[in-house]
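Asks: My structure is stored as start35.txt, with compact mmCIF, C-alpha atoms.
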# COMPACT_ATOMS: atom_id res chain seq x y z
CA MET A 1 32.59 -5.38 8.05
CA ALA A 2 31.32 -6.60 11.36
CA ARG A 3 29.99 -10.14 11.53
CA LYS A 4 27.68 -10.83 14.42
CA PRO A 5 26.61 -14.17 15.85
CA LEU A 6 22.87 -14.79 15.78
CA GLN A 7 20.81 -17.60 17.27
CA PHE A 8 17.15 -18.23 16.63
CA HIS A 9 14.66 -21.07 16.23
CA LEU A 10 13.60 -21.94 12.69
CA ASN A 11 10.54 -24.19 12.47
CA GLY A 12 11.37 -25.58 15.89
CA SER A 13 15.08 -26.27 15.43
CA GLU A 14 17.89 -24.09 16.72
CA LYS A 15 20.02 -22.18 14.25
CA ALA A 16 23.28 -20.35 14.87
CA VAL A 17 24.74 -18.22 12.10
CA PHE A 18 26.89 -15.17 11.54
CA VAL A 19 25.14 -12.17 10.03
CA GLU A 20 26.52 -9.04 8.46
CA ASP A 21 25.60 -5.53 9.53
CA GLY A 22 22.42 -4.44 7.80
CA GLN A 23 21.62 -7.93 6.52
CA ASN A 24 17.91 -8.66 6.40
CA LEU A 25 16.25 -11.80 7.76
CA LEU A 26 15.17 -13.04 4.31
CA ASP A 27 18.76 -13.07 3.14
CA VAL A 28 19.86 -14.93 6.27
CA LEU A 29 17.11 -17.53 5.86
CA ARG A 30 17.83 -18.11 2.18
CA ARG A 31 21.61 -17.78 1.99
CA GLY A 32 22.62 -18.29 5.60
CA VAL A 33 20.57 -21.37 6.56
CA GLY A 34 19.36 -22.51 3.14
CA ASP A 35 15.60 -22.25 3.67
CA LEU A 36 14.47 -21.20 0.20
CA THR A 37 10.72 -21.16 0.95
CA PRO A 38 10.44 -17.42 1.75
CA LYS A 39 10.75 -15.53 -1.54
CA TYR A 40 12.34 -12.24 -2.49
CA GLY A 41 9.75 -10.15 -4.32
CA CYS A 42 9.98 -6.39 -4.15
CA GLY A 43 12.38 -5.76 -1.26
CA GLN A 44 10.13 -2.82 -0.39
CA GLY A 45 7.42 -4.29 1.82
CA ALA A 46 4.78 -4.03 -0.89
CA CYS A 47 4.27 -7.62 -2.09
CA GLY A 48 4.28 -9.84 1.01
CA THR A 49 5.91 -12.94 -0.50
CA CYS A 50 8.78 -12.78 2.02
CA THR A 51 6.28 -13.04 4.92
CA VAL A 52 7.44 -15.23 7.81
CA LEU A 53 6.01 -15.65 11.30
CA ILE A 54 8.08 -14.24 14.14
CA ASP A 55 6.74 -15.57 17.45
CA GLY A 56 3.58 -16.45 15.56
CA GLU A 57 2.95 -13.02 14.04
CA PRO A 58 3.44 -12.19 10.35
CA HIS A 59 6.43 -9.99 9.52
CA LEU A 60 8.13 -9.02 6.27
CA SER A 61 11.49 -10.77 6.41
CA CYS A 62 13.02 -8.53 3.72
CA LEU A 63 12.45 -5.49 5.98
CA THR A 64 13.47 -7.20 9.23
CA LEU A 65 17.01 -6.52 10.35
CA ALA A 66 18.31 -10.05 10.95
CA GLU A 67 19.95 -9.33 14.31
CA THR A 68 16.58 -8.29 15.80
CA VAL A 69 15.33 -11.91 15.82
CA GLU A 70 17.86 -13.13 18.42
CA GLY A 71 16.23 -15.94 20.42
CA ARG A 72 12.90 -15.72 18.61
CA GLN A 73 10.78 -18.37 16.91
CA ILE A 74 10.66 -18.11 13.12
CA THR A 75 8.16 -20.10 11.09
CA THR A 76 8.46 -20.44 7.32
CA THR A 77 6.49 -22.51 4.81
CA ALA A 78 9.15 -25.21 5.19
CA GLY A 79 7.78 -25.77 8.70
CA LEU A 80 4.16 -26.35 7.69
CA ALA A 81 4.09 -29.94 6.40
CA GLN A 82 4.72 -32.83 8.80
CA GLY A 83 6.81 -35.28 6.84
CA ALA A 84 4.78 -36.37 3.83
CA ASP A 85 1.57 -34.91 5.26
CA LEU A 86 0.76 -31.50 3.88
CA HIS A 87 -0.59 -28.87 6.24
CA PRO A 88 -4.38 -28.45 5.84
CA LEU A 89 -3.74 -25.02 4.34
CA GLN A 90 -1.38 -26.46 1.74
CA LYS A 91 -3.90 -29.18 0.90
CA ALA A 92 -6.71 -26.64 0.58
CA PHE A 93 -4.54 -24.45 -1.67
CA MET A 94 -3.93 -27.46 -3.91
CA ASP A 95 -7.58 -28.55 -3.99
CA ASN A 96 -8.77 -25.02 -4.79
CA PHE A 97 -6.15 -24.20 -7.44
CA ALA A 98 -4.99 -21.34 -5.20
CA ALA A 99 -1.44 -21.48 -6.56
CA GLN A 100 -0.69 -20.78 -10.20
CA CYS A 101 2.85 -19.48 -10.63
CA GLY A 102 3.30 -20.12 -6.92
CA TYR A 103 5.51 -17.15 -6.14
CA CYS A 104 3.10 -15.53 -3.68
CA THR A 105 2.08 -18.87 -2.13
CA PRO A 106 4.59 -19.05 0.78
CA GLY A 107 3.58 -15.61 1.97
CA MET A 108 -0.11 -16.33 1.48
CA LEU A 109 0.14 -19.58 3.48
CA LEU A 110 1.82 -17.88 6.43
CA ALA A 111 -0.52 -14.87 6.41
CA ALA A 112 -3.37 -17.41 6.43
CA LYS A 113 -1.79 -19.48 9.20
CA ALA A 114 -1.40 -16.39 11.39
CA LEU A 115 -5.10 -15.64 10.88
CA LEU A 116 -6.36 -19.17 11.59
CA ASP A 117 -4.14 -19.57 14.65
CA ARG A 118 -5.81 -16.50 16.14
CA ASN A 119 -9.26 -16.86 14.63
CA PRO A 120 -10.26 -20.43 13.73
CA ASN A 121 -13.64 -19.34 12.30
CA PRO A 122 -12.88 -16.32 10.12
CA SER A 123 -15.42 -14.59 7.91
CA ARG A 124 -14.62 -13.99 4.24
CA GLU A 125 -13.92 -10.36 5.20
CA ASP A 126 -11.42 -11.47 7.86
CA VAL A 127 -9.59 -13.57 5.26
CA VAL A 128 -9.46 -10.69 2.78
CA GLU A 129 -8.03 -8.45 5.50
CA ALA A 130 -5.47 -11.08 6.56
CA ILE A 131 -4.01 -11.39 3.04
CA SER A 132 -4.40 -7.69 2.17
CA GLY A 133 -0.62 -7.21 2.36
CA ASN A 134 0.07 -10.10 -0.03
CA ILE A 135 -0.10 -9.57 -3.76
CA CYS A 136 -1.06 -12.30 -6.23
CA ARG A 137 -0.98 -11.52 -9.94
CA CYS A 138 -2.33 -14.87 -11.17
CA THR A 139 -5.39 -16.11 -9.36
CA GLY A 140 -7.55 -13.04 -8.85
CA TYR A 141 -7.52 -13.97 -5.12
CA GLU A 142 -10.87 -15.81 -5.06
CA PRO A 143 -9.36 -19.35 -5.09
CA ILE A 144 -6.95 -18.29 -2.30
CA ILE A 145 -9.79 -16.93 -0.16
CA ASP A 146 -11.84 -20.08 -0.80
CA ALA A 147 -8.86 -22.26 0.14
CA ILE A 148 -8.28 -20.46 3.44
CA LEU A 149 -11.97 -20.70 4.35
CA GLU A 150 -11.95 -24.41 3.47
CA ALA A 151 -8.83 -25.03 5.58
CA ALA A 152 -10.52 -23.29 8.51
CA LYS A 153 -13.46 -25.69 8.21
CA SER A 154 -11.29 -28.77 7.90
CA ARG A 155 -11.09 -30.67 11.14
CA GLY A 156 -7.37 -31.20 10.84
CA PHE A 157 -6.33 -27.59 11.26
CA ARG A 158 -6.24 -27.42 15.04
CA GLN A 159 -4.35 -30.63 15.63
CA PHE A 160 -1.87 -29.70 12.91
CA GLY A 161 -1.26 -26.24 14.29
CA MET B 1 28.87 0.72 0.89
CA PRO B 2 27.34 -1.60 3.49
CA VAL B 3 25.56 -0.04 6.39
CA LYS B 4 26.84 -0.27 9.97
CA VAL B 5 24.46 -1.18 12.81
CA GLU B 6 24.87 0.03 16.39
CA SER B 7 22.56 -1.30 19.11
CA PHE B 8 21.84 0.25 22.53
CA ASP B 9 19.88 -0.69 25.64
CA SER B 10 18.37 2.74 26.03
CA LEU B 11 17.06 5.53 23.85
CA ASP B 12 19.46 7.94 25.56
CA GLY B 13 22.50 5.88 24.53
CA ALA B 14 21.16 5.66 21.00
CA ALA B 15 20.57 9.41 20.89
CA ARG B 16 24.19 10.10 21.89
CA ALA B 17 25.48 7.75 19.18
CA LEU B 18 23.14 9.32 16.66
CA SER B 19 24.36 12.84 17.34
CA ALA B 20 28.02 11.70 17.23
CA ALA B 21 27.68 9.93 13.88
CA ARG B 22 27.98 11.89 10.67
CA SER B 23 25.18 10.24 8.73
CA ALA B 24 23.16 7.88 10.88
CA ARG B 25 19.46 7.10 11.07
CA PHE B 26 17.46 5.72 13.98
CA LEU B 27 15.85 2.39 13.10
CA GLY B 28 12.27 1.87 14.29
CA GLY B 29 10.22 -0.93 12.75
CA GLY B 30 12.26 -0.99 9.56
CA THR B 31 9.45 -0.46 7.06
CA LEU B 32 11.02 2.80 5.86
CA LEU B 33 14.74 2.41 6.58
CA MET B 34 15.23 -1.25 5.68
CA ARG B 35 13.64 -0.63 2.32
CA ALA B 36 16.12 2.21 1.85
CA VAL B 37 18.92 -0.23 2.77
CA ASN B 38 17.56 -2.80 0.28
CA ASP B 39 17.38 -0.04 -2.30
CA GLY B 40 21.06 0.83 -1.84
CA ASP B 41 20.36 4.27 -0.36
CA GLN B 42 23.73 5.97 0.20
CA SER B 43 22.43 8.95 2.18
CA PHE B 44 23.26 7.26 5.50
CA ASP B 45 26.01 4.86 6.56
CA THR B 46 24.88 3.82 10.05
CA LEU B 47 21.68 2.46 11.58
CA VAL B 48 21.27 3.10 15.29
CA ARG B 49 18.75 1.02 17.20
CA ALA B 50 17.63 0.66 20.81
CA VAL B 51 16.01 -2.23 22.64
CA ASP B 52 14.28 -0.06 25.22
CA PRO B 53 11.06 -1.49 26.67
CA ALA B 54 10.02 2.05 27.68
CA SER B 55 9.56 2.96 24.04
CA ARG B 56 6.83 0.30 23.70
CA GLN B 57 4.63 1.60 26.52
CA VAL B 58 1.23 3.27 26.41
CA ARG B 59 0.21 5.40 29.42
CA SER B 60 -3.16 7.02 30.02
CA GLU B 61 -2.93 10.28 31.95
CA GLY B 62 -5.89 12.54 32.60
CA ASP B 63 -7.40 13.63 29.30
CA GLY B 64 -4.67 12.15 27.16
CA VAL B 65 -2.65 9.13 26.23
CA THR B 66 1.13 9.01 25.91
CA ILE B 67 2.32 6.53 23.31
CA GLY B 68 5.90 5.26 23.18
CA ALA B 69 7.34 5.96 19.73
CA GLY B 70 8.18 2.26 19.32
CA VAL B 71 4.55 1.16 19.68
CA THR B 72 3.47 -0.64 16.51
CA MET B 73 0.31 -0.11 14.50
CA ALA B 74 -0.87 -3.59 15.57
CA GLU B 75 -0.40 -2.58 19.22
CA VAL B 76 -2.42 0.60 18.63
CA VAL B 77 -5.26 -1.50 17.14
CA ALA B 78 -5.20 -3.84 20.16
CA HIS B 79 -4.81 -1.32 23.01
CA ARG B 80 -8.01 -0.47 24.86
CA ASP B 81 -6.92 3.09 25.66
CA LEU B 82 -6.24 3.80 21.98
CA SER B 83 -9.60 2.76 20.55
CA PHE B 84 -10.07 6.23 19.03
CA LEU B 85 -6.91 5.66 16.96
CA ALA B 86 -7.62 2.01 16.09
CA PRO B 87 -9.54 2.80 12.86
CA VAL B 88 -6.51 4.82 11.71
CA ALA B 89 -3.89 2.16 12.54
CA ARG B 90 -6.07 -0.55 10.98
CA VAL B 91 -5.78 0.98 7.49
CA VAL B 92 -1.98 1.23 7.60
CA GLY B 93 -0.56 -1.54 5.39
CA GLY B 94 -1.40 -5.22 5.78
CA PRO B 95 -1.04 -7.25 9.01
CA ALA B 96 2.73 -7.80 8.55
CA VAL B 97 3.40 -4.09 8.07
CA ARG B 98 1.25 -3.28 11.12
CA ASN B 99 3.31 -5.70 13.22
CA MET B 100 6.43 -3.76 12.30
CA ALA B 101 5.60 -0.11 11.53
CA THR B 102 5.79 2.18 14.54
CA VAL B 103 4.01 5.37 15.54
CA GLY B 104 7.36 7.16 15.78
CA GLY B 105 8.46 6.00 12.34
CA ASN B 106 5.23 7.20 10.77
CA LEU B 107 6.13 10.75 11.85
CA PHE B 108 9.03 10.62 9.38
CA ALA B 109 7.17 8.91 6.51
CA SER B 110 7.09 10.83 3.26
CA SER B 111 4.06 10.95 1.00
CA PRO B 112 2.26 8.69 0.06
CA TYR B 113 2.76 7.30 3.58
CA GLY B 114 2.05 9.02 6.88
CA ASP B 115 -1.69 8.41 7.33
CA PHE B 116 -1.28 7.97 11.08
CA THR B 117 0.60 11.25 11.36
CA ALA B 118 -2.32 13.08 9.74
CA ALA B 119 -4.50 11.80 12.59
CA LEU B 120 -1.92 12.89 15.19
CA LEU B 121 -1.79 16.32 13.54
CA ALA B 122 -5.57 16.71 13.59
CA LEU B 123 -5.64 15.72 17.27
CA GLY B 124 -2.89 18.21 18.16
CA ALA B 125 -0.34 15.69 19.43
CA ARG B 126 2.80 16.72 21.29
CA LEU B 127 6.15 14.97 20.86
CA GLU B 128 8.89 14.46 23.41
CA LEU B 129 12.37 14.14 21.91
CA VAL B 130 15.23 12.24 23.55
CA GLY B 131 18.07 14.33 24.95
CA GLN B 132 16.46 17.73 24.72
CA GLY B 133 15.86 18.07 28.45
CA GLY B 134 12.43 16.49 28.10
CA ARG B 135 11.36 19.39 25.95
CA GLY B 136 8.09 18.76 24.18
CA ILE B 137 7.25 20.16 20.79
CA GLU B 138 3.95 20.58 19.02
CA ILE B 139 3.50 18.22 16.08
CA ASP B 140 2.87 21.28 13.88
CA GLU B 141 6.33 22.60 14.69
CA PHE B 142 7.91 19.20 14.12
CA LEU B 143 6.30 18.74 10.70
CA ARG B 144 7.07 22.28 9.55
CA ASP B 145 10.78 21.52 9.60
CA ARG B 146 10.90 17.76 9.73
CA GLU B 147 14.30 17.28 8.05
CA ARG B 148 15.89 19.04 10.99
CA TYR B 149 14.78 16.19 13.27
CA VAL B 150 16.15 13.29 11.19
CA GLY B 151 19.06 13.01 13.66
CA SER B 152 16.72 13.08 16.67
CA ILE B 153 14.80 10.32 18.40
CA VAL B 154 11.18 10.79 19.37
CA ARG B 155 10.57 9.24 22.80
CA THR B 156 6.81 9.63 23.15
CA ILE B 157 3.78 11.07 21.43
CA SER B 158 1.08 12.52 23.69
CA VAL B 159 -2.40 12.72 22.24
CA PRO B 160 -5.44 14.34 23.84
CA ARG B 161 -8.28 11.81 23.95
CA PRO B 162 -11.38 13.21 22.17
CA ARG B 163 -14.08 13.75 24.80
CA ASP B 164 -16.73 12.95 22.23
CA PRO B 165 -15.43 10.05 20.12
CA GLY B 166 -17.64 11.22 17.24
CA ALA B 167 -15.66 14.49 17.12
CA PHE B 168 -12.73 12.70 15.48
CA ARG B 169 -13.14 11.55 11.89
CA PHE B 170 -10.73 9.91 9.51
CA ALA B 171 -10.76 8.79 5.89
CA LYS B 172 -8.03 7.20 3.81
CA VAL B 173 -8.77 7.30 0.11
CA SER B 174 -7.21 4.52 -1.98
CA ARG B 175 -7.86 3.35 -5.49
CA ILE B 176 -7.15 -0.28 -4.67
CA LYS B 177 -9.67 -2.17 -2.54
CA PRO B 178 -9.58 -3.34 0.16
CA LYS B 179 -6.09 -1.97 0.79
CA GLY B 180 -3.96 0.42 -1.14
CA ILE B 181 -1.63 3.33 -0.70
CA ALA B 182 -3.48 6.56 0.05
CA LEU B 183 -3.95 9.03 -2.74
CA LEU B 184 -5.11 11.29 0.01
CA THR B 185 -6.00 11.02 3.69
CA ILE B 186 -8.16 13.37 5.74
CA ALA B 187 -8.31 13.54 9.53
CA ALA B 188 -10.62 15.98 11.28
CA TYR B 189 -11.08 16.85 14.93
CA LEU B 190 -14.29 18.85 15.38
CA PRO B 191 -15.11 19.37 19.06
CA GLN B 192 -18.48 21.02 19.59
CA SER B 193 -19.82 23.19 22.33
CA ALA B 194 -23.51 24.14 22.42
CA GLY B 195 -23.82 22.60 18.96
CA ARG B 196 -21.14 24.77 17.37
CA ILE B 197 -17.70 23.63 16.27
CA ARG B 198 -14.96 25.11 18.47
CA GLY B 199 -11.28 24.65 17.69
CA ALA B 200 -11.55 22.60 14.49
CA ARG B 201 -8.35 20.91 13.31
CA VAL B 202 -8.31 19.34 9.86
CA ALA B 203 -5.24 17.61 8.43
CA TYR B 204 -4.37 15.99 5.12
CA SER B 205 -1.64 13.60 4.18
CA SER B 206 -0.55 12.81 0.62
CA MET B 207 -1.69 16.30 -0.39
CA GLY B 208 1.89 17.58 -0.29
CA PRO B 209 5.31 16.28 0.70
CA ARG B 210 4.29 15.93 4.36
CA PRO B 211 1.06 15.92 6.40
CA LEU B 212 -0.37 19.44 6.65
CA ARG B 213 -3.29 21.40 8.11
CA ALA B 214 -6.17 22.57 5.95
CA THR B 215 -6.44 25.94 7.65
CA ALA B 216 -9.02 27.40 5.25
CA VAL B 217 -11.30 24.44 5.99
CA GLU B 218 -10.79 24.93 9.73
CA ARG B 219 -11.77 28.62 9.43
CA ALA B 220 -14.89 27.70 7.45
CA LEU B 221 -15.96 25.24 10.18
CA ASP B 222 -15.05 27.14 13.34
CA GLY B 223 -17.93 28.66 15.22
CA GLN B 224 -20.50 27.06 12.89
CA TYR B 225 -23.12 24.36 13.20
CA LEU B 226 -22.08 21.32 11.19
CA ASP B 227 -24.99 21.68 8.74
CA ALA B 228 -25.29 21.43 4.97
CA ALA B 229 -24.40 25.09 4.38
CA THR B 230 -21.23 24.89 6.55
CA ILE B 231 -20.16 21.67 4.86
CA GLU B 232 -20.61 23.30 1.41
CA GLN B 233 -18.47 26.24 2.51
CA ALA B 234 -15.76 23.97 3.91
CA ALA B 235 -15.70 21.84 0.75
CA ALA B 236 -15.41 24.98 -1.40
CA VAL B 237 -12.10 25.85 0.29
CA ALA B 238 -10.81 22.26 0.60
CA CYS B 239 -7.63 23.07 -1.32
CA ASP B 240 -7.15 26.74 -0.50
CA GLY B 241 -3.49 27.34 0.26
CA ILE B 242 -2.60 23.73 -0.56
CA GLU B 243 -0.51 22.62 -3.51
CA PRO B 244 -0.97 18.90 -3.99
CA HIS B 245 1.69 17.01 -5.91
CA THR B 246 1.61 14.66 -8.88
CA ASP B 247 2.86 11.11 -8.37
CA GLY B 248 2.23 7.64 -9.78
CA LEU B 249 -1.09 7.40 -7.95
CA ALA B 250 -2.75 10.66 -8.98
CA SER B 251 -2.08 14.02 -10.58
CA ALA B 252 -2.20 17.28 -8.66
CA TRP B 253 -5.31 18.16 -10.69
CA TYR B 254 -7.03 14.90 -9.66
CA ARG B 255 -6.17 15.38 -6.00
CA ARG B 256 -7.60 18.90 -6.08
CA GLU B 257 -10.78 17.67 -7.78
CA VAL B 258 -11.48 14.81 -5.37
CA ALA B 259 -10.29 16.34 -2.08
CA ALA B 260 -13.45 18.44 -1.79
CA VAL B 261 -15.65 15.40 -2.53
CA HIS B 262 -13.97 13.27 0.14
CA LEU B 263 -13.95 16.10 2.66
CA LYS B 264 -17.68 16.55 2.12
CA ARG B 265 -18.30 12.82 2.60
CA LEU B 266 -16.24 12.85 5.79
CA LEU B 267 -18.13 15.85 7.19
CA THR B 268 -21.59 14.51 6.30
CA GLY B 269 -20.63 11.13 7.76
CA GLU B 270 -21.37 9.48 4.42
CA ARG B 271 -19.55 6.20 3.99
CA ARG B 272 -18.74 4.41 0.81
The structure in this file should be written as structure tokens.
Replies:
Amino acid sequence: MARKPLQFHLNGSEKAVFVEDGQNLLDVLRRGVGDLTPKYGCGQGACGTCTVLIDGEPHLSCLTLAETVEGRQITTTAGLAQGADLHPLQKAFMDNFAAQCGYCTPGMLLAAKALLDRNPNPSREDVVEAISGNICRCTGYEPIIDAILEAAKSRGFRQFG
Amino acid sequence: MPVKVESFDSLDGAARALSAARSARFLGGGTLLMRAVNDGDQSFDTLVRAVDPASRQVRSEGDGVTIGAGVTMAEVVAHRDLSFLAPVARVVGGPAVRNMATVGGNLFASSPYGDFTAALLALGARLELVGQGGRGIEIDEFLRDRERYVGSIVRTISVPRPRDPGAFRFAKVSRIKPKGIALLTIAAYLPQSAGRIRGARVAYSSMGPRPLRATAVERALDGQYLDAATIEQAAAVACDGIEPHTDGLASAWYRREVAAVHLKRLLTGERR
């Protein structure tokens, strides 16, 4: 079994690990570097809870061959808060009861971040489209959509990034 | 058994490795093959990949556009020369899937996937395979015997640009809003001359194991004005010669019942 060296940036800090042939990025993040914020849901690209940002764009980490992220910037939910200060999206999710069981939340937050980074003033329709690849079985989506729209309006979003 | 991964700088190197391996697959965006890996699929033991910038290019030439097989759905949505295909790429998956899924990979997607390929089929795309002396093949020929090409790499897909953008129509029918897997997809290219349809091409996906042409519908449309009577005649033969399948999304009976309704809506330009 070939083991290959892999270097990438995770939430701004450099990581160097060995990966196995065929290993997916989610597995490397969770088992290889110990970032447990991206979740394993379906393993099939249907649920979206493993969503991470690669160079700022949402990707499904369970379907990403780990060795393809050599040298790239990975953002997970672990990189959102700054110390004790929650990211405006996290705060808005809390205020709007947008997380119930919480399993979809990491993927929802990153799908939302990707949207707001590109489009700081999204319409409700834009938000629905942005999270259309993320399944939530608890909330009925409305609190999540409200939270993302509220975070977009909050003044802190831009400075937080 | 774990899968082996071989990486190459060029599509040509990857194609040689692919033909030398006993059971290898070419990895595009991963949305089909990585899920097979996660699922423990034992039908292949090697993934071959290429980091070839040429496979991510889009070139406009004369009346057509040549799309590198590694171009993603998100890149199709964003590219100004591909605006006629943007509505098709936009309904493939969510944003994360669109950042990964490629045009070339979609050619190999089994039902219920392959919406983009239905559009390419309706537009009469031509594929160039790697290592076949630059030989191009019609998408019809490729789809007729698709399993034969599993060990091949598609380099580019050339699509004629519709002269009248209104001549190309597309509808993906899902039960889940706003996004869901297609229970059927219809793509129609209906160029007109002097008001009559000439050279109609109508394609379905998810109406069989692979995207296919609705030839009876094409015959009903060809040479006619796109009026109420023609549309009725086309809808009446919507499933002639087609044997839709039953899956978790819909039964064959249901697909047959609703195909005519959705075809009619597409032809009348009615939106829901």
Asks: Do a neighbour search on range 128-139 of chain A at 8 Å with all atoms listed in the file, toss out local chain neighbours closer than 3 positions, and write the hits as a compact mmCIF listing (two decimals) with C-alpha atoms, keeping the file's coordinate frame.
Replies:
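For reference, result.txt as written:
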# COMPACT_ATOMS: atom_id res chain seq x y z
CA ALA A 46 4.78 -4.03 -0.89
CA CYS A 47 4.27 -7.62 -2.09
CA GLY A 48 4.28 -9.84 1.01
CA THR A 49 5.91 -12.94 -0.50
CA ALA A 98 -4.99 -21.34 -5.20
CA ALA A 99 -1.44 -21.48 -6.56
CA GLN A 100 -0.69 -20.78 -10.20
CA CYS A 101 2.85 -19.48 -10.63
CA CYS A 104 3.10 -15.53 -3.68
CA GLY A 107 3.58 -15.61 1.97
CA MET A 108 -0.11 -16.33 1.48
CA ALA A 111 -0.52 -14.87 6.41
CA ALA A 112 -3.37 -17.41 6.43
CA LEU A 115 -5.10 -15.64 10.88
CA ARG A 124 -14.62 -13.99 4.24
CA GLU A 125 -13.92 -10.36 5.20
CA GLU A 142 -10.87 -15.81 -5.06
CA PRO A 143 -9.36 -19.35 -5.09
CA ILE A 144 -6.95 -18.29 -2.30
CA ILE A 145 -9.79 -16.93 -0.16
CA GLY B 93 -0.56 -1.54 5.39
CA GLY B 94 -1.40 -5.22 5.78
CA PRO B 95 -1.04 -7.25 9.01
CA ALA B 96 2.73 -7.80 8.55
CA VAL B 97 3.40 -4.09 8.07
CA PRO B 178 -9.58 -3.34 0.16
CA LYS B 179 -6.09 -1.97 0.79
Asks: CA of Asp45 in chain B and CA of Ile137 in chain B, how far apart in Å?
Replies: 28.1 Å
Asks: Find the nearest atom pair between each residue of chain A and chain B for residues within 7 Å, count only C-alpha atoms, give distances in Å to one decimal, sort rows by chain and ascending number, and present the table as JSON lines.
Replies:
{"residue": "A:Asp21", "atom": "CA", "partner": "B:Lys4", "partner_atom": "CA", "distance": 5.4}
{"residue": "A:Gly22", "atom": "CA", "partner": "B:Val3", "partner_atom": "CA", "distance": 5.6}
{"residue": "A:Gly43", "atom": "CA", "partner": "B:Asn38", "partner_atom": "CA", "distance": 6.2}
{"residue": "A:Gln44", "atom": "CA", "partner": "B:Arg35", "partner_atom": "CA", "distance": 4.9}
{"residue": "A:Gly45", "atom": "CA", "partner": "B:Thr31", "partner_atom": "CA", "distance": 6.8}
{"residue": "A:Pro58", "atom": "CA", "partner": "B:Ala96", "partner_atom": "CA", "distance": 4.8}
{"residue": "A:His59", "atom": "CA", "partner": "B:Ala96", "partner_atom": "CA", "distance": 4.4}
{"residue": "A:Leu60", "atom": "CA", "partner": "B:Ala96", "partner_atom": "CA", "distance": 6.0}
{"residue": "A:Leu63", "atom": "CA", "partner": "B:Met34", "partner_atom": "CA", "distance": 5.1}
{"residue": "A:Thr64", "atom": "CA", "partner": "B:Gly30", "partner_atom": "CA", "distance": 6.3}
{"residue": "A:Ala130", "atom": "CA", "partner": "B:Pro95", "partner_atom": "CA", "distance": 6.3}
{"residue": "A:Ser132", "atom": "CA", "partner": "B:Gly94", "partner_atom": "CA", "distance": 5.3}
{"residue": "A:Gly133", "atom": "CA", "partner": "B:Gly94", "partner_atom": "CA", "distance": 4.0}
Asks: Point out the residue among A:Asn119, A:Thr68, A:Gln82, A:Thr77 with the least atom-to-atom distance to Pro5 in chain A, counting all atoms listed in the file.
Replies: A:Thr68
Asks: As an exercise, work out the distance from CA of Arg201 in chain B to CA of Ser158 in chain B in Å and give it to one decimal place.
Replies: 16.3 Å
Asks: Please return as a PyMOL selection string every residue within 6 Å of (-8.7, 21.4, 10.5), taking into account only C-alpha atoms and the file's own coordinates.
Replies: chain B and resi 188+200-203+213-215+218
Asks: Just how far from CA of Ala167 in chain B is CA of Ala194 in chain B, in Å to one decimal?
Replies: 13.5 Å
Asks: What's around Ala182 in chain B at 12 Å? Count all atoms listed in the file, leave out sequence neighbours fewer than 6 positions away in its own chain, and write the answer as number ranges by chain.
Replies: B: 91-93, 110-116, 118, 171-176, 204-207, 247-250, 255
Asks: Using C-alpha atoms, can you write the selected residues to a file as an mmCIF file, keeping the file's coordinate frame?
Replies:
data_model
loop_
_atom_site.group_PDB
_atom_site.id
_atom_site.type_symbol
_atom_site.label_atom_id
_atom_site.label_comp_id
_atom_site.auth_asym_id
_atom_site.auth_seq_id
_atom_site.Cartn_x
_atom_site.Cartn_y
_atom_site.Cartn_z
ATOM 1 C CA VAL B 91 -5.780 0.980 7.490
ATOM 2 C CA VAL B 92 -1.980 1.230 7.600
ATOM 3 C CA GLY B 93 -0.560 -1.540 5.390
ATOM 4 C CA SER B 110 7.090 10.830 3.260
ATOM 5 C CA SER B 111 4.060 10.950 1.000
ATOM 6 C CA PRO B 112 2.260 8.690 0.060
ATOM 7 C CA TYR B 113 2.760 7.300 3.580
ATOM 8 C CA GLY B 114 2.050 9.020 6.880
ATOM 9 C CA ASP B 115 -1.690 8.410 7.330
ATOM 10 C CA PHE B 116 -1.280 7.970 11.080
ATOM 11 C CA ALA B 118 -2.320 13.080 9.740
ATOM 12 C CA ALA B 171 -10.760 8.790 5.890
ATOM 13 C CA LYS B 172 -8.030 7.200 3.810
ATOM 14 C CA VAL B 173 -8.770 7.300 0.110
ATOM 15 C CA SER B 174 -7.210 4.520 -1.980
ATOM 16 C CA ARG B 175 -7.860 3.350 -5.490
ATOM 17 C CA ILE B 176 -7.150 -0.280 -4.670
ATOM 18 C CA TYR B 204 -4.370 15.990 5.120
ATOM 19 C CA SER B 205 -1.640 13.600 4.180
ATOM 20 C CA SER B 206 -0.550 12.810 0.620
ATOM 21 C CA MET B 207 -1.690 16.300 -0.390
ATOM 22 C CA ASP B 247 2.860 11.110 -8.370
ATOM 23 C CA GLY B 248 2.230 7.640 -9.780
ATOM 24 C CA LEU B 249 -1.090 7.400 -7.950
ATOM 25 C CA ALA B 250 -2.750 10.660 -8.980
ATOM 26 C CA ARG B 255 -6.170 15.380 -6.000
#
Asks: Counting only C-alpha atoms, which residue out of A:Phe8, A:Leu109, A:Glu57, A:Cys50 sits closest to Val33 in chain A?
Replies: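 Checking each of A:Phe8, A:Leu109, A:Glu57, A:Cys50 against Val33 in chain A, counting only C-alpha atoms, the winner is A:Phe8.
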Asks: For Leu116 in chain A, which residue out of A:Gly32, A:Pro88, A:Gly140, A:Gly71 is the nearest one, using all atoms listed in the file?
Replies: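 When distances to Leu116 in chain A are compared using all atoms listed in the file, the smallest one comes from A:Pro88.
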